[in-house]
file upload.txt (compact mmCIF, C-alpha atoms)
# COMPACT_ATOMS: atom_id res chain seq x y z
CA MET A 190 25.34 -28.70 15.25
CA ARG A 191 21.87 -29.72 14.01
CA PHE A 192 20.76 -29.97 17.62
CA LYS A 193 21.79 -26.35 18.36
CA LYS A 194 19.95 -25.07 15.25
CA GLY A 195 16.80 -26.94 16.31
CA ILE A 196 16.90 -25.46 19.82
CA ALA A 197 17.48 -21.95 18.40
CA ALA A 198 14.53 -22.34 16.01
CA CYS A 199 12.26 -23.54 18.86
CA LEU A 200 13.27 -20.61 21.05
CA ILE A 201 12.57 -18.12 18.24
CA VAL A 202 9.10 -19.62 17.58
CA LEU A 203 8.32 -19.76 21.32
CA GLY A 204 9.48 -16.15 21.82
CA GLY A 205 7.39 -14.97 18.86
CA GLY A 206 4.31 -16.73 20.29
CA VAL A 207 4.80 -15.10 23.69
CA VAL A 208 5.13 -11.65 22.12
CA PHE A 209 2.04 -12.25 19.91
CA PHE A 210 -0.20 -13.33 22.81
CA ALA A 211 1.12 -10.62 25.15
CA THR A 212 0.28 -7.83 22.68
CA ARG A 213 -3.05 -9.43 21.75
CA THR A 214 -4.12 -9.66 25.41
CA GLY A 215 -3.04 -6.03 26.01
CA THR A 216 -5.13 -4.85 23.04
CA GLU A 217 -8.23 -6.67 24.26
CA MET A 218 -7.91 -5.19 27.73
CA THR A 219 -7.57 -1.68 26.33
CA THR A 220 -10.67 -2.16 24.18
CA GLU A 221 -12.74 -3.41 27.11
CA THR A 222 -11.78 -0.58 29.43
CA ALA A 223 -12.42 2.02 26.72
CA THR A 224 -16.05 0.95 26.35
CA PRO A 225 -18.28 3.59 27.99
CA GLU A 226 -20.55 2.38 30.75
CA THR A 227 -24.26 2.88 30.27
CA GLU A 228 -26.11 4.73 32.98
CA ALA A 229 -29.20 3.22 34.48
CA ALA A 230 -32.45 5.03 33.88
CA PRO A 231 -33.48 7.15 36.89
CA VAL A 232 -36.14 5.69 39.16
CA LEU A 233 -38.85 8.31 39.44
CA ALA A 234 -42.29 8.03 41.08
CA MET A 235 -44.85 10.85 40.73
CA THR A 236 -48.39 11.74 41.73
CA HIS A 237 -50.57 14.52 40.35
CA THR A 238 -53.43 16.58 41.72
CA TYR A 239 -55.42 19.38 40.09
CA LYS A 240 -57.32 21.91 42.17
CA LYS A 241 -58.65 25.38 41.30
CA GLY A 242 -56.50 25.79 38.18
CA THR A 243 -53.28 24.55 39.74
CA HIS A 244 -51.46 21.30 38.95
CA THR A 245 -49.34 19.89 41.77
CA PHE A 246 -46.80 17.18 41.02
CA ALA A 247 -45.07 15.39 43.89
CA GLY A 248 -42.72 12.49 43.81
CA THR A 249 -39.43 10.89 44.67
CA LEU A 250 -36.22 10.31 42.76
CA ALA A 251 -33.93 7.42 43.73
CA ALA A 252 -30.46 8.70 44.66
CA PRO A 253 -27.35 6.80 45.72
CA THR A 254 -26.94 8.77 48.97
CA PRO A 255 -29.28 10.63 51.34
CA CYS A 256 -26.99 13.70 51.02
CA ASP A 257 -27.81 14.19 47.31
CA GLN A 258 -30.16 17.01 46.37
CA VAL A 259 -33.20 16.96 44.11
CA ALA A 260 -34.98 20.05 42.80
CA ALA A 261 -37.98 20.41 40.49
CA GLU A 262 -39.28 23.22 38.28
CA ALA A 263 -42.33 23.39 36.02
CA ALA A 264 -43.11 25.50 32.98
CA VAL A 265 -45.94 25.64 30.45
CA GLY A 266 -44.83 25.76 26.82
CA ALA A 267 -46.53 27.58 23.95
CA ASP A 268 -48.20 24.28 23.03
CA GLY A 269 -49.83 24.12 26.49
CA VAL A 270 -47.73 21.14 27.64
CA ILE A 271 -46.36 21.23 31.18
CA THR A 272 -42.64 20.43 31.31
CA ILE A 273 -41.43 19.22 34.69
CA SER A 274 -37.65 19.44 35.06
CA VAL A 275 -36.20 17.37 37.89
CA THR A 276 -32.53 17.96 38.67
CA HIS A 277 -30.38 15.57 40.69
CA THR A 278 -27.15 16.93 42.17
CA ALA A 279 -24.64 14.54 43.74
CA ALA A 280 -23.45 15.37 47.23
CA GLU A 281 -19.94 16.70 47.69
CA GLY A 282 -17.72 15.25 50.37
CA MET A 283 -18.32 12.12 52.38
CA CYS A 284 -21.77 10.64 52.79
CA LEU A 285 -23.21 7.26 53.65
CA MET A 286 -23.72 5.22 50.46
CA ARG A 287 -27.33 4.14 50.92
CA ALA A 288 -29.91 4.35 48.15
CA THR A 289 -32.58 6.83 49.17
CA ASP A 290 -35.78 8.14 47.60
CA ILE A 291 -35.54 11.95 47.80
CA PRO A 292 -38.88 13.81 47.66
CA PHE A 293 -39.74 16.81 45.49
CA SER A 294 -42.86 18.83 44.72
CA VAL A 295 -43.79 21.49 42.18
CA SER A 296 -47.00 23.40 41.36
CA ILE A 297 -48.02 25.36 38.28
CA ALA A 298 -51.16 27.03 36.93
CA ALA A 299 -52.31 25.52 33.62
CA ALA A 300 -55.39 24.22 31.83
CA GLU A 301 -56.90 21.12 33.43
CA GLN A 302 -56.29 18.93 30.34
CA ALA A 303 -52.67 20.06 29.80
CA GLY A 304 -50.23 17.37 28.68
CA THR A 305 -47.13 16.58 30.68
CA LYS A 306 -43.47 16.01 29.81
CA VAL A 307 -40.87 15.02 32.42
CA LEU A 308 -37.11 15.67 32.20
CA VAL A 309 -34.48 14.35 34.61
CA ASN A 310 -31.20 16.25 34.32
CA GLY A 311 -32.30 17.48 30.88
CA VAL A 312 -33.19 14.04 29.49
CA GLU A 313 -36.83 13.20 28.79
CA VAL A 314 -38.03 10.15 30.71
CA SER A 315 -41.18 8.09 30.62
CA VAL A 316 -43.00 8.04 33.93
CA ALA A 317 -46.45 6.88 34.99
CA ILE A 318 -48.03 9.78 36.87
CA LYS A 319 -50.73 8.63 39.27
call {"tool": "encode", "arguments": {"input": "upload.txt", "output": "structure tokens"}}
result
Amino acid sequence: MRFKKGIAACLIVLGGGVVFFATRTGTEMTTETATPETEAAPVLAMTHTYKKGTHTFAGTLAAPTPCDQVAAEAAVGADGVITISVTHTAAEGMCLMRATDIPFSVSIAAAEQAGTKVLVNGVEVSVAIK
């Protein structure tokens, strides 16, 4: 009789341990998958020329596929700073997954010493303009 009680107690403890570790492991997995991934900063290269009152900015934006599209717009704010907005749009449908530098160019009339601010998809980025 003592032997049967000992086996029953061991099975209860063992079963409780299995349940504890199974739920603990499930909780950890849920926490890990719920963590948002951080996006890498966009790789942007730009050059600048100024001629006869017009600034011209040209560059490339690294994209995951050659089918993606990149567009650029420029505007001069009330403070005289040129804001360059670069927009990256992912390609729809199938496309070869090969990182590609996609070119863009934009020109705007502004004072020669105007400051510059660059946005990629609405987020300001730091870029060395050559």
call {"tool": "atom_distance", "arguments": {"input": "upload.txt", "atom1": "CA of Ala247 in chain A", "atom2": "CA of Ile297 in chain A"}}
result
11.8 Å
call {"tool": "residues_around", "arguments": {"input": "upload.txt", "residues": "Glu281 in chain A", "least_positions_apart": "4", "cutoff": "12 Å", "atoms": "only C-alpha atoms", "output": "VMD selection string"}}
result
chain A and resid 254 to 258 285
call {"tool": "closest_residue", "arguments": {"input": "upload.txt", "among": "A:Gly311, A:Pro231, A:Gly266, A:Gly304", "to": "Ala252 in chain A", "atoms": "all atoms listed in the file"}}
result
A:Pro231
call {"tool": "atom_distance", "arguments": {"input": "upload.txt", "atom1": "CA of Leu308 in chain A", "atom2": "CA of His277 in chain A"}}
result
10.8 Å
call {"tool": "atom_distance", "arguments": {"input": "upload.txt", "atom1": "CA of Thr236 in chain A", "atom2": "CA of Ala317 in chain A"}}
result
8.5 Å
call {"tool": "residues_near_point", "arguments": {"input": "upload.txt", "point": "(-55.3, 25.7, 30.7)", "cutoff": "12 Å", "atoms": "all atoms listed in the file", "output": "VMD selection string"}}
result
chain A and resid 239 241 to 244 265 to 271 297 to 304
call {"tool": "closest_residue", "arguments": {"input": "upload.txt", "among": "A:Ala280, A:Ile201, A:Ala234, A:Val275", "to": "Val259 in chain A", "atoms": "all atoms listed in the file"}}
result
A:Val275
call {"tool": "closest_residue", "arguments": {"input": "upload.txt", "among": "A:Ser296, A:Ser315, A:Thr289, A:Ser274", "to": "Ala251 in chain A", "atoms": "only C-alpha atoms"}}
result
A:Thr289
call {"tool": "closest_residue", "arguments": {"input": "upload.txt", "among": "A:Ile318, A:Val309, A:Ala264, A:Val232", "to": "Asp290 in chain A", "atoms": "all atoms listed in the file"}}
result
A:Val232
call {"tool": "decode", "arguments": {"input": "upload.txt", "residues": "range 248-313 of chain A", "atoms": "C-alpha atoms", "output": "mmCIF file, in the first residue's frame"}}
result
data_model
loop_
_atom_site.group_PDB
_atom_site.id
_atom_site.type_symbol
_atom_site.label_atom_id
_atom_site.label_comp_id
_atom_site.auth_asym_id
_atom_site.auth_seq_id
_atom_site.Cartn_x
_atom_site.Cartn_y
_atom_site.Cartn_z
ATOM 1 C CA GLY A 248 21.584 59.798 -55.706
ATOM 2 C CA THR A 249 20.662 56.189 -55.168
ATOM 3 C CA LEU A 250 18.567 54.371 -52.609
ATOM 4 C CA ALA A 251 19.272 50.710 -51.827
ATOM 5 C CA ALA A 252 16.190 48.574 -52.504
ATOM 6 C CA PRO A 253 15.644 44.838 -52.054
ATOM 7 C CA THR A 254 14.553 44.298 -55.684
ATOM 8 C CA PRO A 255 15.232 46.023 -59.013
ATOM 9 C CA CYS A 256 11.436 46.257 -59.541
ATOM 10 C CA ASP A 257 10.960 48.669 -56.598
ATOM 11 C CA GLN A 258 10.345 52.327 -57.384
ATOM 12 C CA VAL A 259 12.020 55.407 -55.950
ATOM 13 C CA ALA A 260 10.762 58.968 -56.405
ATOM 14 C CA ALA A 261 12.110 62.274 -55.089
ATOM 15 C CA GLU A 262 10.573 65.704 -54.534
ATOM 16 C CA ALA A 263 12.090 68.917 -53.184
ATOM 17 C CA ALA A 264 10.551 71.935 -51.498
ATOM 18 C CA VAL A 265 11.891 75.088 -49.865
ATOM 19 C CA GLY A 266 10.397 75.879 -46.468
ATOM 20 C CA ALA A 267 9.710 79.317 -44.989
ATOM 21 C CA ASP A 268 13.032 79.022 -43.141
ATOM 22 C CA GLY A 269 14.883 78.649 -46.476
ATOM 23 C CA VAL A 270 15.806 74.991 -45.855
ATOM 24 C CA ILE A 271 15.465 72.594 -48.783
ATOM 25 C CA THR A 272 13.560 69.440 -47.837
ATOM 26 C CA ILE A 273 14.223 66.479 -50.106
ATOM 27 C CA SER A 274 11.586 63.757 -49.793
ATOM 28 C CA VAL A 275 12.607 60.372 -51.172
ATOM 29 C CA THR A 276 9.860 57.765 -51.388
ATOM 30 C CA HIS A 277 10.489 54.042 -51.779
ATOM 31 C CA THR A 278 7.609 51.891 -53.024
ATOM 32 C CA ALA A 279 7.921 48.102 -52.945
ATOM 33 C CA ALA A 280 7.161 46.262 -56.161
ATOM 34 C CA GLU A 281 3.926 44.316 -56.427
ATOM 35 C CA GLY A 282 3.961 40.797 -57.788
ATOM 36 C CA MET A 283 6.970 38.627 -58.404
ATOM 37 C CA CYS A 284 10.431 40.081 -58.833
ATOM 38 C CA LEU A 285 13.975 38.835 -58.491
ATOM 39 C CA MET A 286 15.200 39.387 -54.913
ATOM 40 C CA ARG A 287 18.490 41.155 -55.586
ATOM 41 C CA ALA A 288 19.569 44.262 -53.715
ATOM 42 C CA THR A 289 19.782 47.140 -56.166
ATOM 43 C CA ASP A 290 20.712 50.816 -55.937
ATOM 44 C CA ILE A 291 17.857 52.704 -57.632
ATOM 45 C CA PRO A 292 18.752 56.192 -58.923
ATOM 46 C CA PHE A 293 16.782 59.407 -58.397
ATOM 47 C CA SER A 294 17.303 63.091 -59.162
ATOM 48 C CA VAL A 295 15.554 66.310 -58.176
ATOM 49 C CA SER A 296 16.200 70.017 -58.863
ATOM 50 C CA ILE A 297 14.925 73.132 -57.125
ATOM 51 C CA ALA A 298 15.593 76.884 -57.223
ATOM 52 C CA ALA A 299 16.847 78.238 -53.882
ATOM 53 C CA ALA A 300 19.526 80.442 -52.359
ATOM 54 C CA GLU A 301 23.057 79.101 -52.804
ATOM 55 C CA GLN A 302 23.647 78.716 -49.032
ATOM 56 C CA ALA A 303 20.303 76.999 -48.301
ATOM 57 C CA GLY A 304 20.378 74.221 -45.721
ATOM 58 C CA THR A 305 19.222 70.721 -46.574
ATOM 59 C CA LYS A 306 17.009 68.162 -44.840
ATOM 60 C CA VAL A 307 16.440 64.656 -46.252
ATOM 61 C CA LEU A 308 13.406 62.442 -45.588
ATOM 62 C CA VAL A 309 13.018 58.813 -46.668
ATOM 63 C CA ASN A 310 9.386 57.670 -46.553
ATOM 64 C CA GLY A 311 8.625 60.583 -44.215
ATOM 65 C CA VAL A 312 11.434 59.859 -41.730
ATOM 66 C CA GLU A 313 14.356 62.271 -41.483
#
